[in-house]
$ cat data.cif   # mmCIF, C-alpha atoms and all ligand atoms
data_protein
#
loop_
_atom_site.label_atom_id
_atom_site.label_comp_id
_atom_site.auth_asym_id
_atom_site.auth_seq_id
_atom_site.Cartn_x
_atom_site.Cartn_y
_atom_site.Cartn_z
CA MET X 1 143.96 39.80 -65.49
CA GLN X 2 143.21 36.69 -67.57
CA CYS X 3 140.18 34.42 -67.63
CA SER X 4 140.57 31.31 -65.51
CA PRO X 5 137.52 29.14 -66.31
CA SER X 6 138.26 26.91 -63.32
CA LEU X 7 138.26 29.91 -60.94
CA ALA X 8 134.91 31.14 -62.34
CA LEU X 9 133.48 27.62 -62.08
CA ALA X 10 134.74 27.12 -58.51
CA LEU X 11 133.39 30.50 -57.29
CA SER X 12 130.02 29.90 -59.00
CA SER X 13 129.71 26.38 -57.60
CA LEU X 14 130.44 27.67 -54.11
CA LEU X 15 127.70 30.27 -54.60
CA GLY X 16 125.32 27.47 -55.60
CA VAL X 17 126.19 25.53 -52.42
CA LEU X 18 125.71 28.68 -50.32
CA ALA X 19 122.32 29.13 -51.98
CA LEU X 20 121.14 25.68 -50.89
CA MET X 21 122.46 26.27 -47.36
CA GLN X 22 120.52 29.57 -47.29
CA LEU X 23 117.36 27.79 -48.40
CA TYR X 24 117.63 25.23 -45.59
CA ARG X 25 118.50 27.82 -42.92
CA ASN X 26 116.08 30.56 -43.98
CA PHE X 27 113.04 28.31 -44.18
CA ARG X 28 113.69 27.12 -40.62
CA THR X 29 114.50 30.55 -39.21
CA PRO X 30 114.00 33.92 -40.91
CA ALA X 31 117.07 36.17 -41.28
CA ARG X 32 117.05 38.30 -38.11
CA TYR X 33 116.57 41.82 -39.40
CA GLY X 34 113.57 44.08 -39.95
CA LYS X 35 110.34 42.49 -38.71
CA HIS X 36 112.17 39.27 -37.72
CA ASP X 37 114.84 40.95 -35.60
CA ASP X 38 114.86 39.86 -31.97
CA ARG X 39 114.42 43.25 -30.32
CA SER X 40 114.55 41.81 -26.81
CA ASP X 41 118.27 41.16 -27.41
CA LYS X 42 119.56 44.55 -26.23
CA LEU X 43 123.21 43.45 -26.48
CA ARG X 44 122.98 43.01 -30.23
CA ALA X 45 124.85 45.86 -31.96
CA ARG X 46 122.73 47.76 -34.50
CA LEU X 47 123.22 50.82 -36.65
CA PRO X 48 121.00 53.19 -38.65
CA ALA X 49 119.47 51.35 -41.62
CA ARG X 50 120.44 53.99 -44.20
CA CYS X 51 124.08 53.66 -43.29
CA ALA X 52 123.87 49.83 -43.15
CA TRP X 53 122.17 49.45 -46.54
CA PHE X 54 124.62 51.85 -48.16
CA LEU X 55 127.67 50.04 -46.73
CA GLN X 56 126.46 46.53 -47.49
CA GLU X 57 125.33 47.17 -51.07
CA LEU X 58 128.25 49.40 -52.08
CA PRO X 59 130.73 46.54 -52.81
CA ALA X 60 128.30 44.98 -55.29
CA PHE X 61 128.45 48.22 -57.27
CA LEU X 62 132.05 49.20 -56.59
CA VAL X 63 133.88 45.91 -57.20
CA PRO X 64 132.61 45.32 -60.79
CA THR X 65 132.95 49.05 -61.54
CA LEU X 66 136.60 48.96 -60.43
CA LEU X 67 137.20 45.79 -62.45
CA LEU X 68 135.76 47.56 -65.51
CA ALA X 69 137.95 50.61 -64.87
CA MET X 70 141.09 48.47 -64.36
CA ARG X 71 140.56 46.65 -67.64
CA SER X 72 143.32 47.64 -70.03
CA PRO X 73 142.49 49.49 -72.13
CA PRO X 74 139.35 50.46 -70.18
CA ARG X 75 136.45 50.14 -72.62
CA LEU X 76 132.84 49.06 -72.60
CA GLU X 77 132.47 47.74 -76.15
CA PRO X 78 132.59 43.98 -75.44
CA VAL X 79 129.06 42.63 -74.98
CA GLY X 80 129.84 41.18 -71.52
CA CYS X 81 131.01 44.57 -70.22
CA ARG X 82 127.89 46.28 -71.51
CA LEU X 83 125.56 43.74 -69.92
CA LEU X 84 127.45 43.99 -66.63
CA SER X 85 127.45 47.78 -66.47
CA GLY X 86 123.91 48.27 -67.80
CA MET X 87 122.11 45.58 -65.80
CA PHE X 88 124.12 44.37 -62.77
CA CYS X 89 125.72 47.73 -61.91
CA GLY X 90 122.47 49.53 -62.83
CA HIS X 91 120.57 47.54 -60.20
CA TYR X 92 123.24 48.06 -57.54
CA PHE X 93 123.43 51.77 -58.34
CA TYR X 94 119.73 51.94 -57.42
CA ARG X 95 120.14 49.79 -54.29
CA THR X 96 123.25 51.62 -53.03
CA PHE X 97 122.61 55.24 -53.88
CA ILE X 98 118.81 55.51 -54.01
CA TYR X 99 117.18 52.77 -51.93
CA SER X 100 119.49 53.19 -48.96
CA PHE X 101 119.00 56.97 -48.81
CA PHE X 102 115.21 56.74 -48.67
CA THR X 103 114.66 53.63 -46.55
CA ARG X 104 112.61 54.03 -43.36
CA SER X 105 113.76 50.72 -41.85
CA ARG X 106 114.42 50.05 -38.20
CA LEU X 107 117.99 49.81 -36.87
CA PHE X 108 119.97 47.13 -38.72
CA PRO X 109 122.04 44.40 -36.95
CA LEU X 110 125.80 44.78 -37.35
CA GLN X 111 126.35 41.03 -37.64
CA ILE X 112 124.11 40.80 -40.71
CA LEU X 113 125.75 43.88 -42.18
CA PHE X 114 129.18 42.15 -42.07
CA LEU X 115 127.84 39.02 -43.77
CA ALA X 116 126.10 41.12 -46.44
CA ILE X 117 129.31 43.09 -47.13
CA LEU X 118 131.19 39.79 -47.57
CA PHE X 119 128.52 38.42 -49.87
CA CYS X 120 128.22 41.59 -52.01
CA SER X 121 132.03 41.75 -52.40
CA TYR X 122 132.22 38.06 -53.36
CA ASN X 123 129.32 38.21 -55.79
CA GLY X 124 130.41 41.57 -57.23
CA PHE X 125 133.82 40.09 -57.96
CA LEU X 126 132.43 36.86 -59.44
CA GLN X 127 129.90 38.55 -61.75
CA GLY X 128 132.37 41.27 -62.77
CA TYR X 129 135.32 38.93 -63.33
CA TYR X 130 133.27 36.50 -65.40
CA MET X 131 131.54 39.08 -67.59
CA ILE X 132 134.71 41.12 -68.21
CA TYR X 133 137.30 38.38 -68.67
CA CYS X 134 135.49 35.13 -69.51
CA ALA X 135 132.12 35.67 -71.17
CA GLN X 136 132.09 35.50 -74.97
CA TYR X 137 129.15 36.40 -77.16
CA PRO X 138 128.52 36.27 -80.90
CA ASN X 139 128.23 39.65 -82.64
CA ASP X 140 124.48 39.23 -83.07
CA TRP X 141 123.82 38.50 -79.34
CA PHE X 142 121.65 41.64 -79.04
CA THR X 143 119.14 40.07 -81.45
CA ASP X 144 119.25 36.63 -79.79
CA PHE X 145 115.98 35.43 -78.21
CA ARG X 146 117.75 34.76 -74.89
CA PHE X 147 119.07 38.31 -74.70
CA ILE X 148 115.75 39.95 -75.63
CA SER X 149 113.58 37.80 -73.35
CA GLY X 150 116.10 38.08 -70.50
CA VAL X 151 116.26 41.87 -70.69
CA LEU X 152 112.45 42.13 -70.81
CA LEU X 153 112.19 39.86 -67.76
CA PHE X 154 114.90 41.85 -65.97
CA LEU X 155 113.11 45.17 -66.62
CA PHE X 156 109.75 43.69 -65.60
CA GLY X 157 111.24 42.37 -62.33
CA MET X 158 113.13 45.57 -61.61
CA GLY X 159 109.96 47.61 -62.20
CA ILE X 160 108.03 45.45 -59.71
CA ASN X 161 110.89 45.56 -57.20
CA ILE X 162 111.31 49.35 -57.25
CA HIS X 163 107.56 49.97 -57.23
CA SER X 164 107.08 47.58 -54.29
CA ASP X 165 109.99 49.16 -52.37
CA LEU X 166 108.21 52.49 -52.86
CA LEU X 167 104.83 51.17 -51.68
CA LEU X 168 106.44 49.77 -48.52
CA ARG X 169 108.24 53.05 -47.84
CA GLN X 170 104.99 55.00 -48.19
CA LEU X 171 103.42 52.93 -45.39
CA ARG X 172 105.53 54.90 -42.90
CA LYS X 173 105.99 58.55 -42.13
CA PRO X 174 109.58 59.55 -41.22
CA GLY X 175 110.40 58.22 -37.73
CA ASP X 176 107.57 55.64 -37.76
CA THR X 177 108.69 52.02 -37.39
CA THR X 178 105.33 50.24 -37.10
CA TYR X 179 103.98 47.65 -39.57
CA LYS X 180 100.86 48.03 -41.69
CA ILE X 181 99.19 45.90 -44.35
CA PRO X 182 100.89 46.62 -47.70
CA GLN X 183 98.38 47.57 -50.40
CA GLY X 184 98.47 48.10 -54.15
CA GLY X 185 100.69 46.92 -56.99
CA LEU X 186 101.69 43.27 -56.76
CA PHE X 187 101.00 43.35 -53.00
CA THR X 188 97.37 42.80 -54.01
CA TYR X 189 98.43 39.22 -54.82
CA VAL X 190 101.48 38.43 -52.68
CA SER X 191 103.03 39.47 -49.35
CA GLY X 192 106.57 39.45 -50.81
CA ALA X 193 106.00 41.60 -53.92
CA ASN X 194 109.41 43.28 -53.62
CA PHE X 195 111.08 39.85 -53.33
CA PHE X 196 109.15 38.42 -56.29
CA GLY X 197 110.34 41.37 -58.41
CA GLU X 198 113.96 40.91 -57.38
CA ILE X 199 113.92 37.15 -58.09
CA VAL X 200 112.40 37.71 -61.57
CA GLU X 201 114.98 40.42 -62.17
CA TRP X 202 117.99 38.19 -61.50
CA PHE X 203 116.60 35.26 -63.50
CA GLY X 204 116.13 37.76 -66.34
CA TYR X 205 119.77 38.78 -65.98
CA ALA X 206 120.84 35.14 -65.99
CA ILE X 207 118.91 34.47 -69.22
CA ALA X 208 120.15 37.66 -70.92
CA THR X 209 123.78 36.87 -70.06
CA TRP X 210 123.37 33.06 -70.37
CA SER X 211 126.11 32.64 -67.80
CA PHE X 212 126.58 30.07 -65.02
CA PRO X 213 127.65 32.66 -62.39
CA ALA X 214 124.50 34.70 -63.10
CA PHE X 215 122.31 31.58 -62.80
CA THR X 216 123.86 30.67 -59.44
CA PHE X 217 123.29 34.25 -58.25
CA ALA X 218 119.63 34.08 -59.35
CA LEU X 219 119.33 30.77 -57.46
CA PHE X 220 120.97 32.37 -54.40
CA THR X 221 118.45 35.24 -54.53
CA LEU X 222 115.55 32.79 -54.75
CA CYS X 223 116.87 30.76 -51.79
CA CYS X 224 117.60 33.89 -49.73
CA ILE X 225 114.46 36.00 -50.14
CA GLY X 226 111.94 33.32 -51.18
CA PRO X 227 111.80 31.98 -47.58
CA ARG X 228 111.76 35.60 -46.32
CA ALA X 229 108.53 36.18 -48.25
CA TYR X 230 107.08 33.04 -46.63
CA HIS X 231 107.99 34.27 -43.11
CA HIS X 232 106.65 37.78 -43.88
CA HIS X 233 103.37 36.19 -44.96
CA ARG X 234 103.09 34.22 -41.71
CA PHE X 235 103.96 37.35 -39.74
CA TYR X 236 101.10 39.28 -41.40
CA LEU X 237 98.61 36.44 -40.85
CA ARG X 238 99.55 36.40 -37.15
CA MET X 239 99.53 40.18 -36.76
CA PHE X 240 96.47 41.27 -38.76
CA THR X 241 93.14 39.46 -38.37
CA ASP X 242 91.84 41.32 -41.45
CA TYR X 243 94.79 40.30 -43.65
CA PRO X 244 93.51 39.48 -47.19
CA LYS X 245 92.86 35.73 -47.24
CA SER X 246 93.43 35.31 -50.99
CA ARG X 247 96.92 36.85 -50.86
CA LYS X 248 99.79 34.36 -51.32
CA ALA X 249 103.35 34.55 -49.96
CA LEU X 250 105.53 34.87 -53.06
CA ILE X 251 104.01 33.62 -56.33
CA PRO X 252 100.61 35.09 -57.31
CA PHE X 253 97.72 32.53 -57.06
CA ILE X 254 100.16 29.65 -56.34
CA PHE X 255 102.33 29.92 -53.19
N1 LIG X 301 119.33 39.72 -53.92
C1 LIG X 301 119.21 39.32 -52.65
O1 LIG X 301 119.66 38.23 -52.31
C2 LIG X 301 118.52 40.22 -51.64
C3 LIG X 301 118.62 39.92 -50.27
C4 LIG X 301 117.97 40.73 -49.35
C5 LIG X 301 117.24 41.83 -49.79
N2 LIG X 301 117.16 42.12 -51.12
C6 LIG X 301 116.33 43.25 -51.59
O2 LIG X 301 116.49 44.38 -50.73
C7 LIG X 301 115.25 45.05 -50.52
C8 LIG X 301 114.95 45.16 -49.01
O3 LIG X 301 114.95 43.85 -48.46
P1 LIG X 301 114.30 43.56 -47.02
O4 LIG X 301 114.58 42.15 -46.68
O5 LIG X 301 114.66 44.66 -46.06
O6 LIG X 301 112.72 43.75 -47.38
P2 LIG X 301 111.49 43.89 -46.36
O7 LIG X 301 111.70 43.09 -45.14
O8 LIG X 301 110.25 43.66 -47.17
O9 LIG X 301 111.53 45.45 -45.93
C9 LIG X 301 111.63 46.45 -46.90
C10 LIG X 301 111.35 47.82 -46.24
O10 LIG X 301 109.98 47.99 -45.99
C11 LIG X 301 109.72 48.09 -44.58
N3 LIG X 301 108.52 47.29 -44.35
C12 LIG X 301 108.38 45.97 -44.63
N4 LIG X 301 107.13 45.58 -44.37
C13 LIG X 301 106.46 46.66 -43.89
C14 LIG X 301 105.14 46.88 -43.43
N5 LIG X 301 104.24 45.88 -43.41
N6 LIG X 301 104.79 48.11 -42.96
C15 LIG X 301 105.70 49.11 -43.00
N7 LIG X 301 106.97 48.98 -43.43
C16 LIG X 301 107.36 47.76 -43.88
C17 LIG X 301 110.94 47.55 -43.89
O11 LIG X 301 111.12 48.10 -42.61
P3 LIG X 301 111.86 47.23 -41.42
O12 LIG X 301 113.27 46.99 -41.94
O13 LIG X 301 111.80 48.13 -40.25
O14 LIG X 301 111.10 45.93 -41.28
C18 LIG X 301 112.02 47.99 -44.88
O15 LIG X 301 112.29 49.36 -44.71
C19 LIG X 301 114.18 44.26 -51.27
O16 LIG X 301 113.85 44.91 -52.48
C20 LIG X 301 114.83 42.90 -51.53
O17 LIG X 301 114.39 42.34 -52.74
C21 LIG X 301 117.78 41.33 -52.04
#
$ encode --input "data.cif" --output "structure tokens" --more "lines below"
Ligand SMILES: NC(=O)c1ccc[n+]([C@@H]2O[C@H](COP(=O)([O-])OP(=O)(O)OC[C@H]3O[C@@H](n4cnc5c(N)ncnc54)[C@H](OP(=O)(O)O)[C@@H]3O)[C@@H](O)[C@H]2O)c1
Amino acid sequence: MQCSPSLALALSSLLGVLALMQLYRNFRTPARYGKHDDRSDKLRARLPARCAWFLQELPAFLVPTLLLAMRSPPRLEPVGCRLLSGMFCGHYFYRTFIYSFFTRSRLFPLQILFLAILFCSYNGFLQGYYMIYCAQYPNDWFTDFRFISGVLLFLFGMGINIHSDLLLRQLRKPGDTTYKIPQGGLFTYVSGANFFGEIVEWFGYAIATWSFPAFTFALFTLCCIGPRAYHHHRFYLRMFTDYPKSRKALIPFIF
């Protein structure tokens, strides 16, 4: 495979357009899964959440991993390949093989699963293709301010995301599907602590890789789960009269 800059640009631009469409749609209506699923719709096909999360996240790990393996000769030395395998694939290893096996979510709608599989395949291909075949870095990139600050931001966001996922999971015993007020960690300040962590994480990746596809993916993440944090916050305010009044939706002390 060769680098086609116009292909990378076209796929990234489309992702940017999809991001803005998500922002418009998701602020009006929350994505219909988890606490925003319409459970009165009995005809809607659903499947166990562990299976759904595994299937939908797998392409985001598998597609770039296969692209790395198909590279001839297969090697990880180029900077782009190292960033891709260490950061992008590292996150999706967690989401596919760890998060999905421990989640205590309710049944997951099949329709959303299909869309998520499409998105993870598309984005996995775009990020993998660009970092393996197109991205070029100077030899001293690992000492560049953008790389160092981006990696620190990525690790900070990933730490918040994984910790918040854990706090949410601990709110339920196995088999329980009720909702409680999240406590501790960044949930002290925002209702969407897991989403805040994930958004910071992908902007960190975008800065560390300094790549247009990674920036459009970070924007997509913001437009997808930023509004979800807002709807979660409204849900909690409606559901719990004793919900902490000082807690914000997504950004501590601000929004
Ligand atoms: N990069 C992206 O574009 C993107 C997109 C979507 C998700 N994600 C990431 O994927 C992860 C999961 O996303 P999500 O939308 O499922 O997050 P979520 O709505 O916050 O739910 C996360 C888990 O916690 C449970 N939960 C949520 N609030 C709870 C409460 N008050 N009491 C008890 N349990 C509660 C949920 O159960 P229920 O499912 O039963 O509500 C689910 O198992 C997050 O870390 C998110 O950042 C990333």
$ residues_near_ligand --input "data.cif" --ligand "ligand LIG 301 (chain X)" --cutoff "9 Å" --atoms "all atoms listed in the file" --output "mmCIF file with C-alpha atoms, keeping the file's coordinate frame"
data_model
loop_
_atom_site.group_PDB
_atom_site.id
_atom_site.type_symbol
_atom_site.label_atom_id
_atom_site.label_comp_id
_atom_site.auth_asym_id
_atom_site.auth_seq_id
_atom_site.Cartn_x
_atom_site.Cartn_y
_atom_site.Cartn_z
ATOM 1 C CA ALA X 31 117.070 36.170 -41.280
ATOM 2 C CA TYR X 33 116.570 41.820 -39.400
ATOM 3 C CA GLY X 34 113.570 44.080 -39.950
ATOM 4 C CA LYS X 35 110.340 42.490 -38.710
ATOM 5 C CA HIS X 36 112.170 39.270 -37.720
ATOM 6 C CA ASP X 37 114.840 40.950 -35.600
ATOM 7 C CA ALA X 49 119.470 51.350 -41.620
ATOM 8 C CA TRP X 53 122.170 49.450 -46.540
ATOM 9 C CA ARG X 95 120.140 49.790 -54.290
ATOM 10 C CA TYR X 99 117.180 52.770 -51.930
ATOM 11 C CA PHE X 102 115.210 56.740 -48.670
ATOM 12 C CA THR X 103 114.660 53.630 -46.550
ATOM 13 C CA ARG X 104 112.610 54.030 -43.360
ATOM 14 C CA SER X 105 113.760 50.720 -41.850
ATOM 15 C CA ARG X 106 114.420 50.050 -38.200
ATOM 16 C CA LEU X 107 117.990 49.810 -36.870
ATOM 17 C CA PHE X 108 119.970 47.130 -38.720
ATOM 18 C CA ALA X 116 126.100 41.120 -46.440
ATOM 19 C CA ASN X 161 110.890 45.560 -57.200
ATOM 20 C CA ILE X 162 111.310 49.350 -57.250
ATOM 21 C CA SER X 164 107.080 47.580 -54.290
ATOM 22 C CA ASP X 165 109.990 49.160 -52.370
ATOM 23 C CA LEU X 166 108.210 52.490 -52.860
ATOM 24 C CA LEU X 167 104.830 51.170 -51.680
ATOM 25 C CA LEU X 168 106.440 49.770 -48.520
ATOM 26 C CA ARG X 169 108.240 53.050 -47.840
ATOM 27 C CA GLN X 170 104.990 55.000 -48.190
ATOM 28 C CA LEU X 171 103.420 52.930 -45.390
ATOM 29 C CA ARG X 172 105.530 54.900 -42.900
ATOM 30 C CA ASP X 176 107.570 55.640 -37.760
ATOM 31 C CA THR X 177 108.690 52.020 -37.390
ATOM 32 C CA THR X 178 105.330 50.240 -37.100
ATOM 33 C CA TYR X 179 103.980 47.650 -39.570
ATOM 34 C CA LYS X 180 100.860 48.030 -41.690
ATOM 35 C CA ILE X 181 99.190 45.900 -44.350
ATOM 36 C CA PRO X 182 100.890 46.620 -47.700
ATOM 37 C CA SER X 191 103.030 39.470 -49.350
ATOM 38 C CA GLY X 192 106.570 39.450 -50.810
ATOM 39 C CA ALA X 193 106.000 41.600 -53.920
ATOM 40 C CA ASN X 194 109.410 43.280 -53.620
ATOM 41 C CA PHE X 195 111.080 39.850 -53.330
ATOM 42 C CA PHE X 196 109.150 38.420 -56.290
ATOM 43 C CA GLY X 197 110.340 41.370 -58.410
ATOM 44 C CA GLU X 198 113.960 40.910 -57.380
ATOM 45 C CA ILE X 199 113.920 37.150 -58.090
ATOM 46 C CA TRP X 202 117.990 38.190 -61.500
ATOM 47 C CA PHE X 217 123.290 34.250 -58.250
ATOM 48 C CA ALA X 218 119.630 34.080 -59.350
ATOM 49 C CA PHE X 220 120.970 32.370 -54.400
ATOM 50 C CA THR X 221 118.450 35.240 -54.530
ATOM 51 C CA LEU X 222 115.550 32.790 -54.750
ATOM 52 C CA CYS X 223 116.870 30.760 -51.790
ATOM 53 C CA CYS X 224 117.600 33.890 -49.730
ATOM 54 C CA ILE X 225 114.460 36.000 -50.140
ATOM 55 C CA ARG X 228 111.760 35.600 -46.320
ATOM 56 C CA ALA X 229 108.530 36.180 -48.250
ATOM 57 C CA HIS X 232 106.650 37.780 -43.880
ATOM 58 C CA TYR X 236 101.100 39.280 -41.400
#
$ closest_residue --input "data.cif" --among "X:Phe61, X:Phe54, X:Tyr24, X:Phe142" --to "Leu83 of chain X" --atoms "only C-alpha atoms"
X:Phe142
$ residues_near_point --input "data.cif" --point "(124.8, 28.8, -48.9)" --cutoff "12 Å" --atoms "all atoms listed in the file" --output "CSV table (one decimal) with C-alpha atoms, in the coordinates of the input"
chain,number,residue,atom,x,y,z
X,12,SER,CA,130.0,29.9,-59.0
X,13,SER,CA,129.7,26.4,-57.6
X,14,LEU,CA,130.4,27.7,-54.1
X,15,LEU,CA,127.7,30.3,-54.6
X,16,GLY,CA,125.3,27.5,-55.6
X,17,VAL,CA,126.2,25.5,-52.4
X,18,LEU,CA,125.7,28.7,-50.3
X,19,ALA,CA,122.3,29.1,-52.0
X,20,LEU,CA,121.1,25.7,-50.9
X,21,MET,CA,122.5,26.3,-47.4
X,22,GLN,CA,120.5,29.6,-47.3
X,23,LEU,CA,117.4,27.8,-48.4
X,24,TYR,CA,117.6,25.2,-45.6
X,25,ARG,CA,118.5,27.8,-42.9
X,26,ASN,CA,116.1,30.6,-44.0
X,115,LEU,CA,127.8,39.0,-43.8
X,119,PHE,CA,128.5,38.4,-49.9
X,216,THR,CA,123.9,30.7,-59.4
X,217,PHE,CA,123.3,34.2,-58.2
X,219,LEU,CA,119.3,30.8,-57.5
X,220,PHE,CA,121.0,32.4,-54.4
X,221,THR,CA,118.4,35.2,-54.5
X,222,LEU,CA,115.6,32.8,-54.8
X,223,CYS,CA,116.9,30.8,-51.8
X,224,CYS,CA,117.6,33.9,-49.7
$ residues_around --input "data.cif" --residues "Tyr92 of chain X" --least-positions-apart "5" --cutoff "10 Å" --atoms "all atoms listed in the file" --output "PyMOL selection string"
chain X and resi 57-62+85+87+97-99+120+124
$ closest_residue --input "data.cif" --among "X:Leu11, X:Phe114, X:Ile132, X:Ser121" --to "Leu76 of chain X" --atoms "only C-alpha atoms"
X:Ile132
$ closest_residue --input "data.cif" --among "X:Tyr189, X:Phe203, X:Phe215, X:Phe154" --to "Ala249 of chain X" --atoms "only C-alpha atoms"
X:Tyr189
$ atom_distance --input "data.cif" --atom1 "atom CA of Pro174 of chain X" --atom2 "atom CA of Arg50 of chain X"
12.6 Å
$ closest_residue --input "data.cif" --among "X:Gly184, X:Gly204, X:Gly128, X:Pro48" --to "Phe156 of chain X" --atoms "all atoms listed in the file"
X:Gly204
$ closest_residue --input "data.cif" --among "X:Gly226, X:Asp41, X:Gln2, X:Ile207" --to "Phe145 of chain X" --atoms "all atoms listed in the file"
X:Ile207
$ residues_around --input "data.cif" --residues "Tyr133 of chain X" --least-positions-apart "5" --cutoff "12 Å" --atoms "only C-alpha atoms" --output "PyMOL selection string"
chain X and resi 1-5+7-8+64+67-68+70-72+78-81+84+125-128
